[in-house]
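Note: the block below is input.cif and it holds mmCIF, C-alpha atoms and all ligand atoms.
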data_upload
#
loop_
_atom_site.label_atom_id
_atom_site.label_comp_id
_atom_site.auth_asym_id
_atom_site.auth_seq_id
_atom_site.Cartn_x
_atom_site.Cartn_y
_atom_site.Cartn_z
CA MET A 164 -2.97 -18.38 3.25
CA ILE A 165 -2.04 -17.00 -0.15
CA GLN A 166 -1.36 -19.67 -2.74
CA GLY A 167 -1.04 -19.76 -6.50
CA CYS A 168 1.31 -20.18 -9.43
CA MET A 169 4.39 -18.08 -10.09
CA PHE A 170 3.77 -14.56 -11.35
CA SER A 171 0.34 -14.44 -9.73
CA GLY A 172 1.09 -11.65 -7.26
CA LYS A 173 1.55 -13.65 -4.03
CA SER A 174 4.59 -11.73 -2.81
CA GLU A 175 2.91 -8.41 -3.64
CA ARG A 176 0.03 -9.39 -1.36
CA VAL A 177 2.36 -10.47 1.44
CA VAL A 178 4.43 -7.30 1.27
CA GLY A 179 1.29 -5.16 1.09
CA GLN A 180 -0.24 -6.82 4.16
CA LEU A 181 2.99 -6.54 6.15
CA ARG A 182 3.40 -2.88 5.27
CA ALA A 183 -0.19 -2.14 6.27
CA ALA A 184 0.26 -3.98 9.58
CA ARG A 185 3.45 -2.06 10.34
CA GLU A 186 1.69 1.21 9.65
CA GLU A 187 -0.87 0.16 12.26
CA GLY A 188 2.00 -0.26 14.71
CA ARG A 189 1.93 -4.05 14.81
CA ARG A 190 5.11 -6.04 15.34
CA VAL A 191 5.74 -8.08 12.24
CA VAL A 192 8.35 -10.70 11.35
CA ALA A 193 8.74 -12.27 7.91
CA PHE A 194 10.46 -15.53 7.04
CA LYS A 195 11.30 -17.26 3.81
CA HIS A 196 12.78 -20.63 2.98
CA ALA A 197 16.57 -20.42 2.95
CA SER A 198 16.97 -22.19 -0.37
CA ASP A 199 15.08 -19.48 -2.18
CA ASP A 200 17.81 -17.03 -3.14
CA ARG A 201 16.30 -15.94 -6.42
CA TYR A 202 16.61 -12.26 -5.64
CA ALA A 203 17.97 -11.58 -2.18
CA ALA A 204 18.72 -13.95 0.69
CA GLY A 205 17.28 -11.78 3.46
CA GLN A 206 14.31 -10.22 1.74
CA ILE A 207 10.97 -10.95 0.14
CA VAL A 208 11.20 -9.23 -3.24
CA THR A 209 8.19 -8.81 -5.49
CA HIS A 210 8.39 -9.03 -9.25
CA SER A 211 7.66 -5.31 -9.33
CA GLY A 212 10.70 -4.65 -7.14
CA GLN A 213 9.15 -3.98 -3.71
CA ARG A 214 11.12 -5.58 -0.91
CA ILE A 215 10.76 -6.33 2.78
CA ASP A 216 13.24 -7.94 5.17
CA ALA A 217 12.72 -11.67 5.73
CA VAL A 218 14.73 -14.09 7.85
CA PRO A 219 15.90 -17.07 5.76
CA VAL A 220 15.26 -20.38 7.56
CA ARG A 221 15.56 -24.00 6.51
CA ASP A 222 14.01 -25.77 9.53
CA PRO A 223 10.52 -24.35 10.13
CA ASN A 224 10.89 -24.95 13.88
CA ARG A 225 13.45 -22.12 13.87
CA ILE A 226 10.53 -19.80 13.19
CA LEU A 227 9.24 -20.51 16.69
CA ASP A 228 12.58 -19.38 18.14
CA LEU A 229 12.73 -16.17 16.15
CA THR A 230 9.25 -14.67 16.38
CA ALA A 231 9.81 -12.91 19.75
CA ASP A 232 6.81 -10.66 20.46
CA ALA A 233 5.61 -10.31 16.86
CA SER A 234 1.83 -10.46 16.49
CA LEU A 235 1.94 -11.07 12.73
CA ILE A 236 4.18 -13.71 11.15
CA ALA A 237 4.62 -14.09 7.40
CA ILE A 238 6.17 -17.18 5.84
CA ASP A 239 6.96 -16.92 2.13
CA GLU A 240 8.01 -19.66 -0.30
CA ALA A 241 6.32 -22.03 2.13
CA GLN A 242 6.16 -24.86 -0.40
CA PHE A 243 9.84 -25.63 0.20
CA PHE A 244 9.34 -26.50 3.88
CA GLY A 245 8.54 -29.98 5.15
CA ASP A 246 5.23 -31.00 6.69
CA GLU A 247 6.49 -29.74 10.09
CA LEU A 248 5.43 -26.31 8.87
CA VAL A 249 1.81 -27.25 9.55
CA ASP A 250 2.50 -27.82 13.25
CA VAL A 251 4.58 -24.65 13.41
CA CYS A 252 1.61 -22.66 12.05
CA ARG A 253 -0.70 -24.35 14.54
CA THR A 254 1.65 -23.45 17.40
CA LEU A 255 1.92 -19.82 16.28
CA ALA A 256 -1.86 -19.54 16.04
CA ALA A 257 -2.25 -21.09 19.51
CA GLN A 258 0.09 -18.37 20.80
CA GLY A 259 -2.44 -15.84 19.53
CA ARG A 260 -0.47 -14.71 16.51
CA ASP A 261 -1.76 -14.05 13.03
CA VAL A 262 0.10 -16.05 10.39
CA ILE A 263 0.30 -15.40 6.65
CA VAL A 264 1.62 -18.36 4.67
CA ALA A 265 2.39 -17.81 0.98
CA GLY A 266 3.66 -20.18 -1.65
CA LEU A 267 3.11 -22.29 -4.72
CA ASP A 268 0.18 -24.66 -4.39
CA LEU A 269 1.34 -26.81 -7.32
CA ASP A 270 4.84 -27.96 -8.25
CA SER A 271 6.34 -28.18 -11.74
CA TRP A 272 4.38 -31.40 -12.32
CA GLY A 273 1.07 -29.79 -11.42
CA LEU A 274 0.89 -31.79 -8.18
CA PRO A 275 0.41 -30.53 -4.58
CA PHE A 276 3.59 -28.86 -3.37
CA GLY A 277 5.10 -29.86 -0.02
CA PRO A 278 3.15 -28.79 3.08
CA MET A 279 0.76 -26.50 1.20
CA PRO A 280 -2.33 -28.77 1.33
CA GLY A 281 -1.78 -29.32 5.05
CA VAL A 282 -1.50 -25.60 5.70
CA ALA A 283 -4.59 -24.90 3.58
CA ALA A 284 -6.55 -27.41 5.64
CA ILE A 285 -5.99 -25.47 8.87
CA ALA A 286 -6.08 -21.94 7.39
CA ASP A 287 -8.93 -19.61 8.34
CA GLU A 288 -8.85 -18.13 4.86
CA VAL A 289 -7.27 -19.33 1.62
CA VAL A 290 -6.74 -16.90 -1.23
CA THR A 291 -5.79 -18.48 -4.54
CA THR A 292 -4.06 -16.08 -6.90
CA HIS A 293 -3.88 -16.52 -10.67
CA GLY A 294 -1.58 -15.35 -13.41
CA VAL A 295 -2.00 -14.90 -17.13
CA CYS A 296 -1.15 -17.87 -19.36
CA ALA A 297 2.02 -17.04 -21.30
CA ARG A 298 0.75 -19.11 -24.24
CA CYS A 299 -2.90 -18.23 -24.70
CA GLY A 300 -3.67 -15.37 -22.33
CA SER A 301 -6.34 -17.12 -20.28
CA ILE A 302 -6.26 -17.54 -16.51
CA ALA A 303 -3.10 -19.38 -15.39
CA ASP A 304 -3.00 -21.68 -12.38
CA HIS A 305 0.09 -23.73 -13.24
CA THR A 306 3.81 -22.96 -13.19
CA GLN A 307 5.53 -24.16 -16.36
CA ARG A 308 9.19 -25.06 -15.99
CA LEU A 309 10.99 -23.97 -19.17
CA THR A 310 14.44 -25.49 -18.55
CA PRO A 311 15.02 -29.24 -18.22
CA VAL A 312 14.86 -30.83 -14.78
CA ALA A 313 18.38 -31.79 -13.64
CA GLY A 314 19.93 -32.65 -10.27
CA GLN A 315 18.40 -31.78 -6.92
CA THR A 316 17.95 -28.07 -7.42
CA MET A 317 14.54 -27.07 -8.68
CA ILE A 318 14.84 -23.39 -7.92
CA GLY A 319 15.68 -21.28 -10.91
CA GLY A 320 15.29 -17.64 -11.61
CA PRO A 321 12.01 -16.32 -12.93
CA GLU A 322 13.38 -16.84 -16.44
CA SER A 323 13.13 -20.60 -15.85
CA TYR A 324 9.36 -20.50 -15.39
CA GLU A 325 6.20 -19.03 -16.83
CA PRO A 326 2.52 -19.13 -15.85
CA ARG A 327 0.29 -21.41 -17.93
CA CYS A 328 -3.35 -22.42 -17.90
CA ALA A 329 -4.17 -26.10 -17.36
CA ALA A 330 -4.69 -26.66 -21.09
CA CYS A 331 -1.29 -25.22 -22.08
CA PHE A 332 0.61 -26.72 -19.13
CA GLU A 333 3.15 -29.42 -20.10
CA PRO A 334 4.62 -31.24 -17.08
CA PRO A 335 8.14 -32.70 -17.20
CA PRO A 336 8.43 -36.53 -17.32
CA ALA A 337 6.80 -38.03 -14.22
CA GLU A 338 9.86 -40.15 -13.39
CA LEU A 339 11.91 -37.01 -12.75
CA ARG A 340 9.63 -35.95 -9.87
CA ARG A 341 11.05 -36.44 -6.40
ZN ZN B 401 -3.11 -21.29 -21.94
#

Let's see the structure in the file written out as structure tokens.
Ligand SMILES: [Zn+2]
Amino acid sequence: MIQGCMFSGKSERVVGQLRAAREEGRRVVAFKHASDDRYAAGQIVTHSGQRIDAVPVRDPNRILDLTADASLIAIDEAQFFGDELVDVCRTLAAQGRDVIVAGLDLDSWGLPFGPMPGVAAIADEVVTTHGVCARCGSIADHTQRLTPVAGQTMIGGPESYEPRCAACFEPPPAELRR
């Protein structure tokens, strides 16, 4: 599992691991949540512009239908899935596959994001990535939303967010959290 705030290099790690596995001749399939269309619907794109094909899915159980004979499965933007993702990961592991799950550990309120704690609990290894606080330059572990919260859609482009340390982080009003 690779978890951390935005701009902490999660996608770079995922893409790097998938590329390395492919070079070893392993069969690899990548997925991402379908509502994440920040850059490209069918790809994981890093902030530095590297990209790798990823199947967009909304229901995590679809992942079980689409993995075929892949021995390494990557699931990016995992925070947007429901808690069913935990069982999907368990099933994939029981099938003998390696699974990389990447996503935001904390939401815009600084609270656990979706299925991430459940996935972390069953992960063999959890890597927490950090960014650089856009305010003070210290280690960032929060994602600061810069535009007001409105409606159901919480996904904005990178320009809507910046990494912040816990001291500089300013959560939106608690009553706006769903
Ligand atoms: Zn700071």

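The space between atom CA of Asn224 of chain A and atom CA of Lys195 of chain A spans 12.7 Å.
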
May I have a table of the residues of chain A lying at most 12 Å from ligand ZN 401 (chain B), giving each one's closest pair of atoms and their distance in Å to one decimal, counting all atoms listed in the file, ordered by chain and ascending residue number, as CSV?
residue,atom,partner,partner_atom,distance
A:Gly294,CA,B:ZN401,ZN,10.5
A:Val295,CA,B:ZN401,ZN,8.1
A:Cys296,CA,B:ZN401,ZN,4.7
A:Ala297,CA,B:ZN401,ZN,6.7
A:Arg298,CA,B:ZN401,ZN,5.0
A:Cys299,CA,B:ZN401,ZN,4.1
A:Gly300,CA,B:ZN401,ZN,6.0
A:Ser301,CA,B:ZN401,ZN,5.5
A:Ile302,CA,B:ZN401,ZN,7.3
A:Ala303,CA,B:ZN401,ZN,6.8
A:Asp304,CA,B:ZN401,ZN,9.6
A:His305,CA,B:ZN401,ZN,9.6
A:Thr306,CA,B:ZN401,ZN,11.3
A:Gln307,CA,B:ZN401,ZN,10.7
A:Glu325,CA,B:ZN401,ZN,10.9
A:Pro326,CA,B:ZN401,ZN,8.6
A:Arg327,CA,B:ZN401,ZN,5.3
A:Cys328,CA,B:ZN401,ZN,4.2
A:Ala329,CA,B:ZN401,ZN,6.7
A:Ala330,CA,B:ZN401,ZN,5.7
A:Cys331,CA,B:ZN401,ZN,4.3
A:Phe332,CA,B:ZN401,ZN,7.2
A:Glu333,CA,B:ZN401,ZN,10.4

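Note that atom CA of Ile263 of chain A and atom CA of Val220 of chain A are 15.8 Å apart.
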
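Nearest to Ser174 of chain A of all the residues A:Thr292, A:Gln258, A:Arg190, A:Pro275 is A:Thr292, based on only C-alpha atoms.
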
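Coordinates place atom CA of Ile238 of chain A at a distance of 23.4 Å from atom CA of Arg308 of chain A.
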
Considering all atoms listed in the file, return as a ChimeraX atom specification whatever protein or nucleic-acid residues lie within 12 Å of Arg214 of chain A, sequence-local ones (same chain, fewer than 3 positions apart) excluded.
/A:174-179,181-182,193,202-211,217

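Residues surrounding Ala283 of chain A within 10 Å are A:Met164, A:Ile165, A:Gln166, A:Val249, A:Val264, A:Asp268, A:Val289, A:Val290 [all atoms listed in the file; sequence separation below 6 positions excluded].
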
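Restricting the calculation to only C-alpha atoms, the smallest distance between Gly212 of chain A and any of A:Gly188, A:Gly281, A:Gly172, A:Pro311 is found for A:Gly172.
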
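Using all atoms listed in the file, the residues found no farther than 10 Å from Gln242 of chain A, other than those of its own chain fewer than 4 positions away, are A:Gln166, A:His196, A:Ile238, A:Asp246, A:Leu248, A:Val264, A:Ala265, A:Gly266, A:Leu267, A:Asp268, A:Leu269, A:Asp270, A:Pro275, A:Phe276, A:Gly277, A:Pro278, A:Met279, A:Pro280, A:Val282.
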
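Distance annotation: of A:Val251, A:Val192, A:Leu274, A:Ala286, the residue with the minimal separation from Ala337 of chain A is A:Leu274; atom set is only C-alpha atoms.
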
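Using all atoms listed in the file for every distance, the candidate list A:Arg225, A:Arg340, A:Phe170, A:Arg189 yields A:Arg225 as the residue closest to Cys252 of chain A.
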